[in-house]
file run.csv (CSV, C-alpha atoms)
chain,number,residue,atom,x,y,z
A,153,MET,CA,-48.7,33.6,-35.6
A,154,LYS,CA,-46.9,31.9,-38.5
A,155,VAL,CA,-43.3,31.0,-37.9
A,156,GLN,CA,-41.1,32.1,-40.8
A,157,ARG,CA,-37.5,32.7,-41.6
A,158,MET,CA,-36.4,36.3,-40.7
A,159,ALA,CA,-33.3,37.9,-42.1
A,160,ASP,CA,-33.0,40.6,-39.5
A,161,PRO,CA,-33.1,40.0,-35.8
A,162,VAL,CA,-36.2,40.9,-33.9
A,163,ARG,CA,-36.1,42.4,-30.3
A,164,ALA,CA,-38.6,40.7,-28.0
A,165,ASP,CA,-39.2,40.0,-24.3
A,166,LEU,CA,-39.3,36.4,-23.2
A,167,SER,CA,-43.1,36.1,-23.3
A,168,GLU,CA,-43.0,37.1,-27.0
A,169,LEU,CA,-40.3,34.4,-27.6
A,170,ALA,CA,-42.4,31.9,-25.7
A,171,ASP,CA,-45.4,32.8,-27.9
A,172,LEU,CA,-43.2,32.2,-31.0
A,173,ILE,CA,-42.1,28.8,-29.7
A,174,GLU,CA,-45.7,27.9,-28.7
A,175,SER,CA,-46.9,28.7,-32.2
A,176,ALA,CA,-44.2,26.4,-33.7
A,177,HIS,CA,-45.3,23.8,-31.1
A,178,GLN,CA,-48.9,24.0,-32.1
A,179,GLN,CA,-48.1,24.0,-35.8
A,180,GLY,CA,-45.7,21.0,-35.4
A,181,VAL,CA,-43.0,22.8,-37.4
A,182,SER,CA,-39.2,22.4,-37.2
A,183,ASN,CA,-37.1,25.5,-36.7
A,184,CYS,CA,-33.9,26.8,-35.1
A,185,ILE,CA,-34.3,30.0,-33.1
A,186,HIS,CA,-31.0,31.9,-32.7
A,187,PHE,CA,-30.9,34.7,-30.1
A,188,ASN,CA,-28.6,37.1,-28.3
A,189,ASP,CA,-29.2,38.8,-25.0
A,190,PRO,CA,-28.5,42.6,-24.6
A,191,ILE,CA,-24.8,42.0,-23.9
A,192,ARG,CA,-24.4,39.7,-27.0
A,193,ARG,CA,-24.3,36.3,-25.4
A,194,ALA,CA,-25.6,33.8,-27.9
A,195,GLY,CA,-28.1,31.0,-27.6
A,196,ARG,CA,-30.4,28.8,-29.7
A,197,ILE,CA,-33.5,26.7,-29.3
A,198,LEU,CA,-34.1,23.8,-31.7
A,199,ILE,CA,-37.6,22.7,-32.4
A,200,LYS,CA,-38.3,19.5,-34.2
A,201,GLU,CA,-41.9,18.8,-35.3
A,202,GLY,CA,-43.1,21.2,-32.7
A,203,LYS,CA,-41.1,19.8,-29.8
A,204,ILE,CA,-38.1,21.5,-28.2
A,205,ILE,CA,-35.2,19.1,-28.5
A,206,PHE,CA,-32.2,21.4,-27.7
A,207,ILE,CA,-31.5,24.6,-25.8
A,208,SER,CA,-28.1,26.3,-25.4
A,209,PHE,CA,-27.1,29.7,-24.1
A,210,ASN,CA,-23.7,31.2,-23.4
A,211,SER,CA,-22.0,27.8,-23.7
A,212,ILE,CA,-24.5,26.2,-21.3
A,213,ARG,CA,-27.0,23.6,-22.4
A,214,GLY,CA,-30.2,22.0,-21.3
A,215,VAL,CA,-32.1,23.0,-18.2
A,216,ASP,CA,-29.1,25.1,-16.9
A,217,ALA,CA,-29.4,27.2,-20.1
A,218,LEU,CA,-33.1,27.5,-19.6
A,219,ALA,CA,-32.6,28.7,-16.1
A,220,GLU,CA,-30.2,31.4,-17.4
A,221,ILE,CA,-32.5,32.4,-20.3
A,222,ARG,CA,-35.4,32.8,-17.9
A,223,LYS,CA,-33.5,35.7,-16.2
A,224,LEU,CA,-33.1,37.7,-19.4
A,225,PRO,CA,-35.2,40.9,-19.8
A,226,SER,CA,-35.2,40.7,-23.6
A,227,VAL,CA,-33.5,39.0,-26.6
A,228,SER,CA,-32.9,39.6,-30.2
A,229,TYR,CA,-33.8,36.6,-32.3
A,230,ARG,CA,-34.0,35.2,-35.8
A,231,VAL,CA,-35.6,32.0,-37.0
A,232,ALA,CA,-33.5,29.8,-39.3
A,233,ARG,CA,-33.9,26.4,-40.8
A,234,PHE,CA,-33.8,23.4,-38.5
A,235,LEU,CA,-30.4,21.8,-38.0
A,236,PRO,CA,-30.7,18.0,-37.3
A,237,MET,CA,-29.5,17.1,-33.8
A,238,PRO,CA,-30.4,14.4,-31.3
A,239,LYS,CA,-32.8,15.3,-28.5
A,240,ASP,CA,-31.3,16.4,-25.2
A,241,ARG,CA,-32.7,13.6,-23.1
A,242,HIS,CA,-32.5,15.8,-19.9
A,243,LEU,CA,-34.8,18.4,-21.2
A,244,PRO,CA,-38.4,18.6,-19.8
A,245,ASP,CA,-41.3,18.5,-22.1
A,246,THR,CA,-42.1,21.5,-24.4
A,247,GLN,CA,-45.0,22.7,-22.3
A,248,THR,CA,-42.9,22.9,-19.2
A,249,ILE,CA,-40.2,24.8,-21.1
A,250,LEU,CA,-42.8,27.2,-22.4
A,251,GLN,CA,-44.1,27.8,-18.9
A,252,GLU,CA,-40.6,28.5,-17.7
A,253,LEU,CA,-40.0,31.0,-20.6
A,254,SER,CA,-43.3,32.8,-20.1
A,255,GLY,CA,-42.8,33.1,-16.3
A,256,ARG,CA,-45.9,30.9,-15.6
A,257,ALA,CA,-43.9,28.0,-14.0
A,258,SER,CA,-44.7,27.5,-10.3
A,259,SER,CA,-41.1,26.5,-9.5
A,260,PRO,CA,-37.9,26.6,-11.4
A,261,ILE,CA,-36.7,23.4,-13.2
A,262,ASN,CA,-34.0,21.4,-11.5
A,263,GLN,CA,-30.8,23.1,-12.7
A,264,LYS,CA,-28.5,20.2,-11.7
A,265,ALA,CA,-30.1,17.8,-14.2
A,266,VAL,CA,-27.5,18.4,-16.9
A,267,GLU,CA,-23.8,19.2,-17.0
A,268,LYS,CA,-22.5,22.5,-18.4
A,269,LYS,CA,-20.7,21.9,-21.7
A,270,THR,CA,-18.7,24.1,-23.9
A,271,ALA,CA,-17.9,23.7,-27.6
A,272,PRO,CA,-14.4,24.5,-28.9
A,273,LEU,CA,-14.3,27.1,-31.7
A,274,GLY,CA,-13.1,25.7,-35.0
A,275,LYS,CA,-11.1,22.6,-34.1
A,276,GLY,CA,-8.9,22.7,-37.3
A,277,LEU,CA,-8.6,26.5,-37.7
A,278,SER,CA,-5.6,28.4,-36.4
A,279,ALA,CA,-6.1,31.3,-33.9
A,280,GLU,CA,-5.4,33.8,-36.7
A,281,GLU,CA,-7.9,32.1,-39.0
A,282,LYS,CA,-10.6,32.1,-36.3
A,283,GLN,CA,-10.0,35.8,-35.6
A,284,VAL,CA,-10.1,36.8,-39.3
A,285,VAL,CA,-13.4,34.8,-39.8
A,286,ASN,CA,-14.9,36.4,-36.7
A,287,ASP,CA,-13.9,39.9,-37.8
A,288,ILE,CA,-15.2,39.5,-41.4
A,289,LEU,CA,-18.5,38.0,-40.3
A,290,ASN,CA,-18.9,40.9,-37.8
A,291,ASP,CA,-18.4,43.4,-40.6
A,292,ILE,CA,-20.8,41.6,-42.9
A,293,VAL,CA,-23.7,40.6,-40.6
A,294,GLY,CA,-23.0,42.4,-37.3
A,295,PRO,CA,-24.2,40.8,-34.1
A,296,MET,CA,-25.6,37.8,-36.0
A,297,ALA,CA,-22.0,36.8,-36.6
A,298,ASP,CA,-22.0,35.0,-33.2
A,299,PHE,CA,-24.8,32.7,-34.4
A,300,LEU,CA,-23.0,31.9,-37.6
A,301,ILE,CA,-19.8,31.2,-35.9
A,302,GLU,CA,-21.5,28.9,-33.4
A,303,ASP,CA,-23.5,27.0,-36.1
A,304,TYR,CA,-21.1,27.0,-39.1
A,305,VAL,CA,-17.6,27.7,-38.0
A,306,VAL,CA,-17.4,25.7,-34.7
A,307,GLY,CA,-15.9,22.3,-35.6
A,308,ALA,CA,-14.8,23.3,-39.1
A,309,ASN,CA,-11.6,21.6,-40.1
A,310,ASN,CA,-10.4,24.2,-42.6
A,311,LEU,CA,-11.4,27.5,-44.3
A,312,ASN,CA,-12.9,25.7,-47.4
A,313,GLU,CA,-15.3,23.9,-45.0
A,314,VAL,CA,-16.1,27.3,-43.3
A,315,ILE,CA,-17.0,28.7,-46.7
A,316,ALA,CA,-19.2,25.7,-47.6
A,317,ASN,CA,-20.9,25.9,-44.3
A,318,LEU,CA,-21.6,29.6,-44.5
A,319,SER,CA,-23.0,29.3,-48.1
A,320,VAL,CA,-26.1,27.9,-46.4
A,321,GLU,CA,-26.9,31.2,-44.6
A,322,LEU,CA,-25.1,34.0,-46.4
A,323,SER,CA,-26.5,35.6,-49.5
A,324,ARG,CA,-24.5,35.1,-52.7
A,325,ASP,CA,-23.2,38.8,-52.4
A,326,ASP,CA,-22.3,38.4,-48.8
A,327,LEU,CA,-20.5,35.1,-49.5
A,328,ALA,CA,-18.5,36.8,-52.3
A,329,ILE,CA,-17.5,39.6,-49.9
A,330,PHE,CA,-16.5,37.0,-47.3
A,331,ARG,CA,-14.4,35.1,-49.8
A,332,SER,CA,-12.8,38.3,-51.1
A,333,GLU,CA,-11.9,39.6,-47.6
A,334,LEU,CA,-10.7,36.3,-46.5
A,335,LYS,CA,-8.4,36.0,-49.5
A,336,GLN,CA,-7.0,39.5,-48.8
A,337,LEU,CA,-6.4,39.0,-45.1
A,338,LEU,CA,-4.9,35.4,-45.2
call {"tool": "encode", "arguments": {"input": "run.csv", "output": "structure tokens"}}
result
Amino acid sequence: MKVQRMADPVRADLSELADLIESAHQQGVSNCIHFNDPIRRAGRILIKEGKIIFISFNSIRGVDALAEIRKLPSVSYRVARFLPMPKDRHLPDTQTILQELSGRASSPINQKAVEKKTAPLGKGLSAEEKQVVNDILNDIVGPMADFLIEDYVVGANNLNEVIANLSVELSRDDLAIFRSELKQLL
């Protein structure tokens, strides 16, 4: 199974997601897997040179996130380019994580090993700007908007930075629509 970038989300059960990650692990590739559960809670798994270095789900990180992910019946995911980030030192090795995701682990990982953390949404954006960006992205890309907001809007200091960040993921046409709607609404 070759890991490649996917434009549209793919619905899969956790064993299929584990297979995708195992393939990336065996190939030694770097990717970012964004996923949503059936009720649209977002998460991501960062793989650097075949090793899982970061896991987040529903504003929870590390082994606590892994424990929550393990409970999911299915996810919708897409594979994106790798985003540089330091390794979460509290994560177990990739093989242990794969066993957890595929249900082959003999006992759950210690969930107390890492603190739950949340990230603020757009430090420098006003509440109105955040809402408008969220609404426009939902219109353009649907449920994948949650991933874009988490990766490219969180921490942005202003709307120009948001546009620059989104230019990495949105097509030229979608970015033009985003700019146009943003101009009309703000």
call {"tool": "residues_around", "arguments": {"input": "run.csv", "residues": "Ala170 in chain A", "least_positions_apart": "3", "cutoff": "9 Å", "atoms": "all atoms listed in the file", "output": "ChimeraX atom specification"}}
result
/A:165-167,173-175,249-254
call {"tool": "atom_distance", "arguments": {"input": "run.csv", "atom1": "CA of Lys203 in chain A", "atom2": "CA of Cys184 in chain A"}}
result
11.4 Å
call {"tool": "residues_around", "arguments": {"input": "run.csv", "residues": "Val181 in chain A", "least_positions_apart": "4", "cutoff": "9 Å", "atoms": "all atoms listed in the file", "output": "list in words"}}
result
Val155, Ser175, Ala176, His177, Ile199, Lys200, Glu201, Gly202 and Lys203 of chain A
call {"tool": "closest_residue", "arguments": {"input": "run.csv", "among": "A:Ser278, A:Val293, A:Glu333, A:Leu169", "to": "Asn310 in chain A", "atoms": "only C-alpha atoms"}}
result
A:Ser278
call {"tool": "closest_residue", "arguments": {"input": "run.csv", "among": "A:Ser211, A:Asn309, A:Asn290, A:Gln247", "to": "Asp326 in chain A", "atoms": "all atoms listed in the file"}}
result
A:Asn290
call {"tool": "residues_near_point", "arguments": {"input": "run.csv", "point": "(-26.1, 31.8, -33.1)", "cutoff": "7 Å", "atoms": "only C-alpha atoms", "output": "VMD selection string"}}
result
chain A and resid 186 to 187 194 to 196 296 298 to 303
call {"tool": "write_last_selection", "arguments": {"input": "run.csv", "atoms": "C-alpha atoms", "output": "PDB file, in the frame of the given file"}}
result
ATOM      1  CA  HIS A 186     -31.000  31.900 -32.700  1.00  0.00           C
ATOM      2  CA  PHE A 187     -30.900  34.700 -30.100  1.00  0.00           C
ATOM      3  CA  ALA A 194     -25.600  33.800 -27.900  1.00  0.00           C
ATOM      4  CA  GLY A 195     -28.100  31.000 -27.600  1.00  0.00           C
ATOM      5  CA  ARG A 196     -30.400  28.800 -29.700  1.00  0.00           C
ATOM      6  CA  MET A 296     -25.600  37.800 -36.000  1.00  0.00           C
ATOM      7  CA  ASP A 298     -22.000  35.000 -33.200  1.00  0.00           C
ATOM      8  CA  PHE A 299     -24.800  32.700 -34.400  1.00  0.00           C
ATOM      9  CA  LEU A 300     -23.000  31.900 -37.600  1.00  0.00           C
ATOM     10  CA  ILE A 301     -19.800  31.200 -35.900  1.00  0.00           C
ATOM     11  CA  GLU A 302     -21.500  28.900 -33.400  1.00  0.00           C
ATOM     12  CA  ASP A 303     -23.500  27.000 -36.100  1.00  0.00           C
TER      13      ASP A 303
END
call {"tool": "residues_around", "arguments": {"input": "run.csv", "residues": "range 227-233 of chain A", "least_positions_apart": "5", "cutoff": "6 Å", "atoms": "all atoms listed in the file", "output": "number ranges by chain"}}
result
A: 157-158, 161-164, 183-189
call {"tool": "atom_distance", "arguments": {"input": "run.csv", "atom1": "CA of Val306 in chain A", "atom2": "CA of Val320 in chain A"}}
result
14.7 Å
call {"tool": "residues_near_point", "arguments": {"input": "run.csv", "point": "(-27.0, 38.0, -42.7)", "cutoff": "8 Å", "atoms": "all atoms listed in the file", "output": "NGL selection string"}}
result
:A and (159-160 or 292-293 or 296-297 or 321-323 or 326)
call {"tool": "atom_distance", "arguments": {"input": "run.csv", "atom1": "CA of Tyr304 in chain A", "atom2": "CA of Leu289 in chain A"}}
result
11.4 Å
call {"tool": "closest_residue", "arguments": {"input": "run.csv", "among": "A:Gln336, A:Thr246, A:Ser319, A:Gln283", "to": "Ile197 in chain A", "atoms": "only C-alpha atoms"}}
result
A:Thr246
call {"tool": "closest_residue", "arguments": {"input": "run.csv", "among": "A:Asn210, A:Gln179, A:Asn312, A:Asn317", "to": "Leu277 in chain A", "atoms": "all atoms listed in the file"}}
result
A:Asn312
call {"tool": "closest_residue", "arguments": {"input": "run.csv", "among": "A:Leu224, A:Ile204, A:Leu311, A:Leu334", "to": "Val284 in chain A", "atoms": "all atoms listed in the file"}}
result
A:Leu334
call {"tool": "closest_residue", "arguments": {"input": "run.csv", "among": "A:Lys282, A:His242, A:Arg324, A:Arg331", "to": "Ala308 in chain A", "atoms": "only C-alpha atoms"}}
result
A:Lys282
call {"tool": "build_atoms", "arguments": {"input": "run.csv", "residues": "range 208-219 of chain A", "atoms": "N, CA and C atoms", "output": "JSON list (two decimals), in the frame of the given file"}}
result
[["chain", "number", "residue", "atom", "x", "y", "z"],
["A", 208, "SER", "N", -29.45, 25.94, -25.88],
["A", 208, "SER", "CA", -28.10, 26.30, -25.40],
["A", 208, "SER", "C", -28.11, 27.85, -25.25],
["A", 209, "PHE", "N", -27.28, 28.31, -24.31],
["A", 209, "PHE", "CA", -27.10, 29.70, -24.10],
["A", 209, "PHE", "C", -25.77, 29.96, -23.41],
["A", 210, "ASN", "N", -24.95, 30.80, -24.02],
["A", 210, "ASN", "CA", -23.70, 31.20, -23.40],
["A", 210, "ASN", "C", -22.85, 29.96, -23.02],
["A", 211, "SER", "N", -22.74, 28.99, -23.93],
["A", 211, "SER", "CA", -22.00, 27.80, -23.70],
["A", 211, "SER", "C", -22.54, 26.84, -22.64],
["A", 212, "ILE", "N", -23.79, 27.06, -22.27],
["A", 212, "ILE", "CA", -24.50, 26.20, -21.30],
["A", 212, "ILE", "C", -25.62, 25.52, -22.07],
["A", 213, "ARG", "N", -25.90, 24.28, -21.73],
["A", 213, "ARG", "CA", -27.00, 23.60, -22.40],
["A", 213, "ARG", "C", -28.02, 23.04, -21.49],
["A", 214, "GLY", "N", -29.14, 22.66, -22.06],
["A", 214, "GLY", "CA", -30.20, 22.00, -21.30],
["A", 214, "GLY", "C", -30.90, 22.87, -20.30],
["A", 215, "VAL", "N", -31.28, 22.27, -19.18],
["A", 215, "VAL", "CA", -32.10, 23.00, -18.20],
["A", 215, "VAL", "C", -31.26, 24.10, -17.52],
["A", 216, "ASP", "N", -29.95, 23.97, -17.45],
["A", 216, "ASP", "CA", -29.10, 25.10, -16.90],
["A", 216, "ASP", "C", -29.23, 26.28, -17.82],
["A", 217, "ALA", "N", -29.21, 26.05, -19.14],
["A", 217, "ALA", "CA", -29.40, 27.20, -20.10],
["A", 217, "ALA", "C", -30.75, 27.79, -19.95],
["A", 218, "LEU", "N", -31.76, 26.95, -19.81],
["A", 218, "LEU", "CA", -33.10, 27.50, -19.60],
["A", 218, "LEU", "C", -33.24, 28.35, -18.41],
["A", 219, "ALA", "N", -32.61, 27.94, -17.33],
["A", 219, "ALA", "CA", -32.60, 28.70, -16.10],
["A", 219, "ALA", "C", -31.99, 30.10, -16.32]]
